[in-house]
Every structure is written in structure tokens, then in C-alpha cells.
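K.L.:
Here you go, this is my_file09.cif (mmCIF, C-alpha atoms and all ligand atoms).
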data_work
loop_
_atom_site.label_atom_id
_atom_site.label_comp_id
_atom_site.auth_asym_id
_atom_site.auth_seq_id
_atom_site.Cartn_x
_atom_site.Cartn_y
_atom_site.Cartn_z
CA MET A 36 83.78 155.62 61.58
CA GLN A 37 83.97 158.23 64.35
CA PRO A 38 86.85 157.80 66.76
CA ILE A 39 85.48 155.96 69.78
CA GLN A 40 88.34 156.81 72.05
CA ALA A 41 89.48 160.21 73.20
CA PRO A 42 92.98 161.19 72.09
CA PHE A 43 96.05 160.80 74.24
CA PRO A 44 96.49 161.58 77.11
CA ALA A 45 92.79 161.33 78.02
CA SER A 46 92.94 157.82 76.72
CA ARG A 47 95.86 155.46 77.22
CA PRO A 48 94.90 152.20 75.49
CA ARG A 49 97.97 150.51 76.93
CA ARG A 50 96.32 150.80 80.37
CA MET A 51 94.08 147.87 79.48
CA ARG A 52 97.02 145.77 78.28
CA ARG A 53 99.12 146.31 81.37
CA THR A 54 98.56 143.12 83.37
CA PRO A 55 97.47 139.55 82.64
CA GLY A 56 94.25 140.16 84.53
CA LEU A 57 93.35 143.23 82.48
CA ARG A 58 94.27 141.47 79.25
CA ALA A 59 92.07 138.52 80.18
CA MET A 60 89.22 140.93 80.94
CA ALA A 61 89.61 142.61 77.56
CA GLN A 62 90.01 139.41 75.55
CA GLU A 63 87.34 139.28 72.85
CA ASN A 64 87.59 135.70 71.61
CA THR A 65 88.40 132.36 73.17
CA LEU A 66 89.52 128.97 71.99
CA SER A 67 88.13 125.89 73.61
CA VAL A 68 88.64 122.20 73.05
CA GLY A 69 85.05 121.94 71.81
CA ASP A 70 86.10 123.97 68.76
CA LEU A 71 88.49 121.31 67.50
CA ILE A 72 87.95 118.60 64.90
CA TRP A 73 90.94 116.31 64.43
CA PRO A 74 91.73 115.01 60.92
CA VAL A 75 93.36 111.56 61.05
CA PHE A 76 94.97 109.42 58.35
CA VAL A 77 94.00 105.76 58.39
CA ARG A 78 95.99 102.96 56.79
CA GLY A 79 95.83 99.18 56.59
CA GLY A 80 97.60 96.68 58.81
CA GLU A 81 97.69 96.33 62.56
CA ASN A 82 99.73 98.11 65.20
CA VAL A 83 101.10 100.54 62.66
CA THR A 84 102.01 104.15 63.34
CA GLU A 85 103.71 105.49 60.24
CA PRO A 86 105.04 109.05 60.14
CA VAL A 87 103.95 111.27 57.25
CA ALA A 88 107.24 112.69 55.98
CA SER A 89 105.76 116.01 54.83
CA MET A 90 103.83 116.61 58.09
CA PRO A 91 106.14 116.60 61.14
CA GLY A 92 104.34 114.99 64.10
CA VAL A 93 101.49 113.52 62.01
CA ASN A 94 101.12 109.76 61.47
CA ARG A 95 99.11 107.32 59.44
CA LEU A 96 97.46 104.93 61.87
CA SER A 97 96.11 101.42 61.42
CA VAL A 98 92.47 100.94 62.43
CA ASP A 99 93.32 99.57 65.89
CA ARG A 100 95.59 102.56 66.53
CA VAL A 101 92.91 104.97 65.31
CA ALA A 102 90.55 103.59 67.93
CA GLU A 103 93.23 104.09 70.61
CA ALA A 104 93.89 107.61 69.37
CA ALA A 105 90.16 108.33 69.52
CA ARG A 106 90.14 107.27 73.17
CA GLU A 107 92.98 109.67 73.94
CA ALA A 108 91.33 112.45 71.96
CA ALA A 109 88.04 111.95 73.80
CA ASP A 110 89.87 112.05 77.12
CA LEU A 111 91.33 115.38 76.05
CA GLY A 112 87.80 116.62 75.25
CA ILE A 113 88.11 116.66 71.45
CA PRO A 114 84.54 116.16 70.19
CA ALA A 115 85.16 114.88 66.65
CA ILE A 116 87.63 113.02 64.46
CA CYS A 117 87.66 113.30 60.68
CA LEU A 118 88.88 110.21 58.81
CA PHE A 119 91.04 110.18 55.69
CA PRO A 120 92.05 106.81 54.26
CA TYR A 121 95.50 106.26 52.82
CA SER A 122 95.12 104.01 49.83
CA GLY A 123 97.83 102.39 47.82
CA PRO A 124 97.55 101.79 44.06
CA GLU A 125 95.63 98.51 44.66
CA ALA A 126 92.62 100.36 46.11
CA ARG A 127 92.50 102.79 43.16
CA THR A 128 90.35 101.74 40.24
CA ALA A 129 88.56 103.41 37.35
CA ASP A 130 85.13 102.65 38.87
CA CYS A 131 86.21 103.78 42.40
CA ALA A 132 84.16 100.91 43.86
CA GLU A 133 86.17 100.90 47.08
CA ALA A 134 84.50 104.22 47.92
CA TRP A 135 81.21 102.49 48.79
CA ASN A 136 82.63 99.22 50.08
CA PRO A 137 81.04 98.83 53.54
CA ASP A 138 84.36 97.40 54.71
CA ASN A 139 86.72 99.98 53.28
CA LEU A 140 89.30 101.52 55.60
CA SER A 141 87.25 104.56 56.44
CA ASN A 142 84.14 102.53 57.29
CA ARG A 143 86.11 100.01 59.35
CA ALA A 144 87.75 102.85 61.26
CA THR A 145 84.34 104.44 61.86
CA ARG A 146 82.96 101.24 63.36
CA ALA A 147 86.11 100.70 65.44
CA ILE A 148 85.92 104.21 66.90
CA LYS A 149 82.20 103.99 67.56
CA ALA A 150 82.66 100.63 69.32
CA ALA A 151 85.58 101.82 71.45
CA VAL A 152 84.58 105.44 72.08
CA PRO A 153 80.84 105.92 71.53
CA GLU A 154 80.93 109.59 72.55
CA MET A 155 83.49 110.50 69.86
CA MET A 156 81.83 111.96 66.77
CA VAL A 157 83.15 110.62 63.50
CA MET A 158 83.30 112.70 60.37
CA ALA A 159 84.12 111.19 56.97
CA ASP A 160 85.12 112.77 53.70
CA VAL A 161 83.02 112.33 50.57
CA ALA A 162 85.12 112.48 47.39
CA LEU A 163 86.57 109.85 45.10
CA ASP A 164 90.24 110.86 45.31
CA PRO A 165 91.32 108.11 47.75
CA TYR A 166 89.91 105.51 45.37
CA SER A 167 90.42 106.87 41.86
CA ASP A 168 93.32 105.87 39.65
CA THR A 169 93.53 109.52 38.51
CA GLY A 170 93.73 111.08 41.99
CA HIS A 171 90.71 113.24 41.10
CA ASP A 172 87.63 113.72 43.27
CA GLY A 173 85.37 112.67 40.39
CA PHE A 174 85.29 110.36 37.39
CA VAL A 175 87.35 111.46 34.41
CA ARG A 176 85.91 110.82 30.93
CA GLY A 177 87.89 111.98 27.93
CA GLY A 178 90.02 114.22 30.12
CA VAL A 179 86.96 115.88 31.71
CA ILE A 180 85.68 115.51 35.29
CA VAL A 181 82.08 114.40 34.76
CA ASN A 182 79.65 115.86 37.28
CA ASP A 183 76.42 113.87 37.35
CA GLU A 184 77.92 110.40 37.17
CA THR A 185 80.28 111.42 39.97
CA VAL A 186 77.38 112.61 42.12
CA GLU A 187 75.75 109.16 41.85
CA ALA A 188 78.95 107.58 43.14
CA LEU A 189 79.28 110.18 45.92
CA VAL A 190 75.75 109.33 47.08
CA ARG A 191 76.69 105.64 47.33
CA GLN A 192 79.84 106.56 49.22
CA ALA A 193 77.92 108.79 51.65
CA LEU A 194 75.26 106.12 52.27
CA ALA A 195 77.95 103.54 53.09
CA GLN A 196 79.49 106.01 55.54
CA ALA A 197 76.12 106.67 57.18
CA GLU A 198 75.52 102.91 57.46
CA ALA A 199 78.92 102.53 59.12
CA GLY A 200 77.79 105.07 61.71
CA VAL A 201 79.41 108.40 60.90
CA ASP A 202 77.86 111.40 62.62
CA ILE A 203 79.06 114.00 60.12
CA ILE A 204 79.49 113.65 56.38
CA GLY A 205 81.85 116.14 54.76
CA PRO A 206 81.51 116.31 50.97
CA SER A 207 84.83 117.75 49.81
CA ASP A 208 84.48 116.99 46.10
CA MET A 209 82.95 120.29 44.87
CA MET A 210 80.67 118.64 42.31
CA ASP A 211 77.43 120.49 41.53
CA GLY A 212 74.27 119.18 43.18
CA ARG A 213 75.89 116.71 45.52
CA ILE A 214 74.57 118.16 48.77
CA GLY A 215 70.96 117.93 47.59
CA ALA A 216 71.46 114.43 46.19
CA ILE A 217 73.14 113.16 49.37
CA ARG A 218 70.55 114.80 51.63
CA THR A 219 67.68 113.22 49.66
CA ALA A 220 69.33 109.79 49.77
CA LEU A 221 70.03 110.05 53.50
CA GLU A 222 66.40 110.96 54.21
CA ALA A 223 65.15 108.05 52.10
CA ALA A 224 67.46 105.62 53.89
CA GLY A 225 66.39 106.69 57.39
CA HIS A 226 69.50 108.70 58.16
CA GLN A 227 67.70 111.95 58.83
CA ASP A 228 70.03 112.86 61.71
CA THR A 229 73.29 112.60 59.78
CA ILE A 230 74.96 115.99 59.61
CA LEU A 231 76.18 117.40 56.31
CA LEU A 232 79.13 119.70 56.82
CA SER A 233 79.74 120.87 53.31
CA TYR A 234 83.15 121.86 52.06
CA ALA A 235 81.28 124.68 50.37
CA ALA A 236 84.07 127.20 49.90
CA LYS A 237 86.90 124.94 48.85
CA PHE A 238 89.65 126.62 46.88
CA ALA A 239 92.06 125.13 44.33
CA SER A 240 95.03 125.43 46.65
CA ALA A 241 98.72 124.62 46.73
CA PHE A 242 98.37 124.14 50.48
CA TYR A 243 96.91 120.62 50.02
CA GLY A 244 100.32 119.31 48.92
CA PRO A 245 101.32 117.39 52.08
CA PHE A 246 97.81 115.89 52.38
CA ARG A 247 98.01 114.37 48.93
CA ASP A 248 101.28 112.82 50.01
CA ALA A 249 99.68 111.58 53.25
CA VAL A 250 96.78 109.84 51.47
CA GLY A 251 98.89 108.50 48.62
CA ALA A 252 97.32 110.72 45.96
CA SER A 253 100.33 112.83 44.93
CA GLY A 254 101.70 110.25 42.52
CA ALA A 255 98.23 109.46 41.19
CA LEU A 256 97.00 112.99 40.46
CA LYS A 257 97.00 113.91 36.80
CA GLY A 258 96.52 117.61 36.15
CA ASP A 259 94.90 119.91 38.71
CA LYS A 260 91.51 120.44 40.35
CA ARG A 261 90.70 123.88 38.96
CA SER A 262 87.65 122.72 37.02
CA TYR A 263 85.86 122.03 40.31
CA GLN A 264 87.61 123.87 43.15
CA ILE A 265 87.25 127.67 43.46
CA ASP A 266 89.79 130.13 42.06
CA PRO A 267 91.71 131.68 45.01
CA ALA A 268 91.02 135.10 43.47
CA ASN A 269 87.27 134.82 44.15
CA SER A 270 85.15 135.75 47.13
CA ASP A 271 81.65 136.34 45.66
CA GLU A 272 81.81 132.91 44.09
CA ALA A 273 82.54 131.36 47.50
CA MET A 274 79.43 133.10 48.87
CA ARG A 275 77.34 131.66 46.04
CA MET A 276 78.62 128.15 46.78
CA ILE A 277 77.79 128.50 50.47
CA ALA A 278 74.30 129.84 49.68
CA ARG A 279 73.71 126.95 47.32
CA ASP A 280 74.90 124.26 49.73
CA LEU A 281 72.80 125.64 52.58
CA ALA A 282 69.78 125.73 50.26
CA GLU A 283 70.42 122.11 49.28
CA GLY A 284 70.42 120.94 52.89
CA ALA A 285 73.87 121.47 54.40
CA ASP A 286 73.76 121.87 58.20
CA ALA A 287 77.11 123.59 58.36
CA VAL A 288 79.69 124.92 55.95
CA MET A 289 83.43 124.92 55.67
CA VAL A 290 86.03 127.28 54.30
CA LYS A 291 89.19 125.57 53.07
CA PRO A 292 92.12 126.29 53.29
CA GLY A 293 91.94 128.43 56.40
CA MET A 294 94.67 130.96 57.12
CA PRO A 295 94.86 132.57 53.66
CA TYR A 296 91.02 132.70 53.56
CA LEU A 297 90.06 134.39 56.83
CA ASP A 298 88.25 137.06 54.82
CA ILE A 299 86.03 134.31 53.41
CA CYS A 300 85.35 132.96 56.92
CA ARG A 301 84.29 136.37 58.18
CA ARG A 302 82.18 137.14 55.15
CA ALA A 303 80.50 133.71 55.30
CA LYS A 304 79.63 134.10 58.98
CA ASP A 305 78.31 137.63 58.53
CA THR A 306 76.33 136.75 55.42
CA PHE A 307 74.74 133.43 56.40
CA ALA A 308 74.95 133.21 60.21
CA ALA A 309 75.31 129.44 59.77
CA PRO A 310 77.63 127.09 61.65
CA THR A 311 80.95 127.88 59.98
CA TYR A 312 84.15 125.86 60.12
CA ALA A 313 87.61 126.38 58.72
CA TYR A 314 90.03 123.69 57.66
CA GLN A 315 93.59 124.57 58.58
CA VAL A 316 94.96 122.29 55.89
CA SER A 317 98.08 120.17 55.64
CA GLY A 318 100.29 122.83 54.05
CA GLU A 319 99.36 125.36 56.73
CA TYR A 320 100.15 122.81 59.42
CA SER A 321 103.46 121.85 57.84
CA MET A 322 104.60 125.46 57.44
CA ILE A 323 104.20 126.02 61.16
CA ALA A 324 105.42 122.59 62.26
CA SER A 325 108.51 122.58 60.06
CA ALA A 326 109.47 126.16 60.91
CA ALA A 327 109.10 125.28 64.58
CA GLN A 328 111.17 122.13 64.10
CA ASN A 329 113.94 124.29 62.68
CA GLY A 330 113.71 126.69 65.60
CA TRP A 331 112.59 129.53 63.33
CA ILE A 332 109.33 130.22 65.13
CA ASP A 333 107.83 129.32 68.47
CA GLY A 334 105.59 126.45 67.35
CA GLU A 335 103.26 126.54 70.32
CA ARG A 336 102.60 130.25 70.09
CA ALA A 337 102.16 130.09 66.33
CA MET A 338 99.68 127.25 66.75
CA VAL A 339 97.60 129.14 69.30
CA GLU A 340 97.74 132.39 67.33
CA SER A 341 96.70 130.70 64.09
CA LEU A 342 93.79 128.89 65.73
CA MET A 343 92.61 131.96 67.62
CA ALA A 344 92.56 133.84 64.32
CA PHE A 345 89.83 131.49 63.08
CA LYS A 346 87.66 132.31 66.08
CA ARG A 347 88.27 136.02 65.54
CA ALA A 348 87.25 135.57 61.90
CA GLY A 349 83.89 134.18 63.00
CA CYS A 350 84.45 130.44 62.79
CA ASP A 351 82.61 128.12 65.18
CA GLY A 352 85.28 125.48 64.92
CA ILE A 353 88.45 124.39 63.18
CA LEU A 354 89.63 121.19 61.55
CA THR A 355 93.27 121.10 62.50
CA TYR A 356 96.11 118.60 62.73
CA PHE A 357 97.09 120.52 65.87
CA ALA A 358 93.92 119.35 67.67
CA PRO A 359 95.63 117.02 70.18
CA ALA A 360 98.47 119.47 70.89
CA MET A 361 96.04 122.37 71.30
CA ALA A 362 93.74 120.28 73.49
CA ARG A 363 96.67 119.35 75.72
CA LEU A 364 97.62 122.98 76.05
CA LEU A 365 94.05 123.94 76.97
CA ARG A 366 93.99 121.41 79.82
C1 LIG A 401 90.09 115.61 48.86
C2 LIG A 401 90.53 116.39 50.03
C3 LIG A 401 91.68 117.18 50.05
C4 LIG A 401 91.82 117.62 51.36
C5 LIG A 401 90.74 117.13 52.09
N1 LIG A 401 89.95 116.38 51.24
C6 LIG A 401 92.72 117.45 49.01
C7 LIG A 401 92.33 117.88 47.68
O1 LIG A 401 91.26 118.44 47.44
O2 LIG A 401 93.16 117.64 46.80
C8 LIG A 401 92.97 118.46 51.82
C9 LIG A 401 93.21 118.53 53.28
C10 LIG A 401 94.55 119.03 53.67
O3 LIG A 401 95.34 119.51 52.85
O4 LIG A 401 94.84 118.96 54.87
N2 LIG A 401 88.82 115.64 48.45
#
Re-express the file's structure as C-alpha cells.
Ligand code: PBG
P.N.:
Amino acid sequence: MQPIQAPFPASRPRRMRRTPGLRAMAQENTLSVGDLIWPVFVRGGENVTEPVASMPGVNRLSVDRVAEAAREAADLGIPAICLFPYSGPEARTADCAEAWNPDNLSNRATRAIKAAVPEMMVMADVALDPYSDTGHDGFVRGGVIVNDETVEALVRQALAQAEAGVDIIGPSDMMDGRIGAIRTALEAAGHQDTILLSYAAKFASAFYGPFRDAVGASGALKGDKRSYQIDPANSDEAMRMIARDLAEGADAVMVKPGMPYLDICRRAKDTFAAPTYAYQVSGEYSMIASAAQNGWIDGERAMVESLMAFKRAGCDGILTYFAPAMARLLR
């Protein structure tokens, strides 16, 4: 690339950084509350707010409290909440039947939010890990995650979520063919307006650790998820997964985790020009929140910087546990 600026002293780049006004004028990207999707952990009971030990400032909420939190989030301008059920060992079975129970935690929370705060969009996660006795996203047969049988179950789970009224379905399981299967089933059931935000580029990451604790899957998980999630060494493969999911009917795609994968975000946006989201996952949140708690970094500035980085990398929005804090700051 040719230099686009004359050398010093003809050009003094610091001139444009001199005052707040000039910096605002030169700012290339912006964060707004409309960019934020708030992931929330739902648990049983009533009037319960239970801190997640590995995620400072994050709680598991009973359904009534989730509806209240949705009201507050809507008042802050947050457009969407993403639900993750915490399930104890009793909800985890070999057949994962709780996944398509119309009255499971996630579906009850969806209806409660929609009743209390109709304008709040609800997103739900499609994967069997909250309901499986193995902690895996799919069925395990003879030590192997079986694809096609899992996809049938994921379709049932997605249909139950659509019936409960979710606006956005987020398949996070990484099975082959699930986007096409879910899209076909949604069309057949009259849910043609349900959005599929595919976790298309989902990597086998250590940064999901606190989440698995938050949803009660850490103890359950046997082995790892490398036979279905992408190797962190790969970028071309992530592009192939995004291309496939868009071809199968995804409306939008996600890159997950976020901060260590900004190159994937940028490449995805440049390659596909599709609505692109990043998930700043639990481990990323906890690194910032715990360092801030210890006084090692300025938590607020680190939050803003990390979220702005996603916009700079081409993302249209971010799933982040910081959503309420960021929204408050943007007020
Ligand atoms: C499970 C799922 C995971 C997350 C979202 N959905 C964990 C996993 O794949 O093990 C992680 C989110 C986070 O870490 O914040 N299908």
C-alpha cells in the first residue's frame, strides 16, 4: 500500500487526536445499545437470584426474576435476551426428553418474558447439553456423538421453542445438517418468521469453562467437544461452516468465542456480507470481571474496549454478559 499521509512535519497525525471533539469526529466505529444481546441463566424456583461463582456479577434467575430482568433490559434499550437453562442432574436423561418439553425452563421463561415484555426479543439455544446426562450437545452411542439422531432431537427442541414464542433460534450444537432440518421443520409448522442465528463458527474452546459451571454441565461433561466444534487453529474451516449454514437457511451467523477470534469475525463479514454476531463468552467475561474485581484493570474501560473491538472487526452485534452494564453506560 502507498503511504496515504505525507511524512512529518507536513502531516501531524496527533493533530486529529488532540481534543475530544476531534477524536469524536475521527471515530470510525460506534457501539450502541441495539448491538447487544444479553445471555441469561434461568433456574427453577421462585424469587431466586443465585450468583454464579465463576462469573462475578452474573446470576442464575428464577423465571419470575427473568421476566423482571427483561423489563429492566427493555427499559435500557437492550433488544434481545438469550436464555440458557441451568439444569440439575434430575433434568438430565439419556433421551434428553426435557429438551422438547413445552414446559421446560427455557420455554417457561420465554412465555413469561413475552407476556411481561412483548417488545423484548427472546433467543433460545438449540443443543442437548442442558438435558444430557453426558453434558454433550448430542447423543452419545458407544462413545461417539451420533449426528443424525441428534439432529432429529434438535428439530423437536427447536419446534418447542418456536411454539413457546422465541423470536430467534440459536443452534449451538455444531451437528451437520441441523440448520436445514430445523428450517424445513419451521416452515412446515408455520413458523416461517422465526430467525435462525446459527452458531456457525463455534470453536472447541477453553473459554466456555465458567458457562458450563453456570448451567450445571461441568460435572456432567465426559471428554471434550472436539469431534463437533472447530479446531482453534482453523480459519478456512470456519468459512466453510458459515457458507454451509447460510446455504441451509441461516438468517445470521455467529462467531464464538469472540475476542480470540476477531480475525474470523472480520473474514466472515468480508466474505459473506451477512448479519454477523460474536459471542463474548463466559471465560472472556470472567477474565475481565475478575481482573477488575481485583483492581488489576479498569473494568469499565476494558468492557467498552472489548465490545468496540467487535464492531471494528465487522460484527453487527455482540452476545455479552456485559449487556446491562454497557447499556447503562450508553444511557
Ligand atoms: C452449549 C453452549 C455453550 C455455550 C453456549 N452454548 C458451551 C459449550 O459448547 O460447551 C458457551 C457460552 C459461554 O461460554 O458463555 N451448546
K.L.:
Counting only C-alpha atoms, which residue out of A:Pro91, A:Gly293, A:Gly349, A:Pro124 sits closest to Tyr234 of chain A?
P.N.:
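The shortest atom-to-atom distance to Tyr234 of chain A comes from A:Gly293.
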K.L.:
Using all atoms listed in the file, which residues have at least one atom no more than 9 Å from ligand LIG 401 (chain A)? Output them as a PyMOL selection string.
P.N.:
chain A and resi 74+119+160-165+170-172+205-209+234+237-247+249-250+252-253+256+259-260+264+291-292+314-320+354-356
K.L.:
Name the residues in contact with Ala195 of chain A at a cut-off of 12 Å, using only C-alpha atoms, excluding same-chain residues fewer than 5 positions from it; report them as number ranges by chain.
P.N.:
A: 132-143, 145-146, 159-161, 188-190, 200-201, 204, 217, 220-221, 224, 226
K.L.:
Find the residue from A:Val68, A:Ala255, A:Ala285, A:Ala235 that sits nearest to Glu125 of chain A; use all atoms listed in the file when measuring.
P.N.:
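Comparing A:Val68, A:Ala255, A:Ala285, A:Ala235 against Glu125 of chain A, the winner is A:Ala255.
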K.L.:
Give me the residues within 12 Å of Ser67 of chain A as number ranges by chain, counting only C-alpha atoms and dropping any in the same chain fewer than 6 places off.
P.N.:
A: 111-114, 339, 342-343, 346, 351-353, 358, 361-366
K.L.:
Could you jot down the atom CA of Tyr296 of chain A to atom CA of Ile72 of chain A separation for me, Å, one decimal place?
P.N.:
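Atom CA of Tyr296 of chain A sits 18.4 Å away from atom CA of Ile72 of chain A.
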K.L.:
Grab the atom CA of Arg347 of chain A to atom CA of Thr54 of chain A distance for me, in Å with one decimal place.
P.N.:
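Between atom CA of Arg347 of chain A and atom CA of Thr54 of chain A the gap is 21.8 Å.
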K.L.:
When you draw a straight line from atom CA of Met156 of chain A to atom CA of Ala109 of chain A, how long is it in Å?
P.N.:
9.4 Å
K.L.:
Which of these, A:Gly92, A:Pro42, A:Gly258, A:Gly56, has the shortest distance to Pro359 of chain A once you count all atoms listed in the file?
P.N.:
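Selected residue with least distance to Pro359 of chain A: A:Gly92.
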K.L.:
Considering only C-alpha atoms, can you say which of A:Val157, A:Ile332, A:Met274, A:Ala144 comes closest to Asp298 of chain A?
P.N.:
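Of A:Val157, A:Ile332, A:Met274, A:Ala144, the one nearest Asp298 of chain A is A:Met274, counting only C-alpha atoms.
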K.L.:
Which neighbours of Leu232 of chain A fall inside 6 Å, counting all atoms listed in the file, when residues of the same chain fewer than 2 positions from it are skipped, and could you give them as a short mmCIF file (atom, residue, chain, number, x, y, z; two decimals) with C-alpha atoms, in the frame of the given file?
P.N.:
data_model
loop_
_atom_site.label_atom_id
_atom_site.label_comp_id
_atom_site.auth_asym_id
_atom_site.auth_seq_id
_atom_site.Cartn_x
_atom_site.Cartn_y
_atom_site.Cartn_z
CA GLY A 205 81.85 116.14 54.76
CA ASP A 286 73.76 121.87 58.20
CA ALA A 287 77.11 123.59 58.36
CA VAL A 288 79.69 124.92 55.95
#
K.L.:
Can you tell me which residues surround Ala105 of chain A at a distance of at most 9 Å, considering all atoms listed in the file, apart from same-chain residues fewer than 6 positions away, and format the answer as a PyMOL selection string?
P.N.:
chain A and resi 113+115-116+148+151-152+155
K.L.:
Tell me which of A:Ser233, A:Ser341, A:Ser321, A:Thr306 sits closest to Val87 of chain A, counting all atoms listed in the file.
P.N.:
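Checking each candidate against Val87 of chain A, we get A:Ser321 as the closest.
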K.L.:
Using all atoms listed in the file, which residue out of A:Ala308, A:Met294, A:Ile299, A:Ala197 lies closest to Ile323 of chain A?
P.N.:
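The closest residue to Ile323 of chain A is A:Met294.
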K.L.:
Can you report as lines of an AutoDock Vina configuration file the centre and edge lengths in Å, to one decimal, of an axis-aligned box around the listed atoms of segment 67-84 of chain A padded with 8 Å on each side?
P.N.:
center_x = 93.5
center_y = 111.1
center_z = 65.1
size_x = 33.0
size_y = 45.6
size_z = 33.0
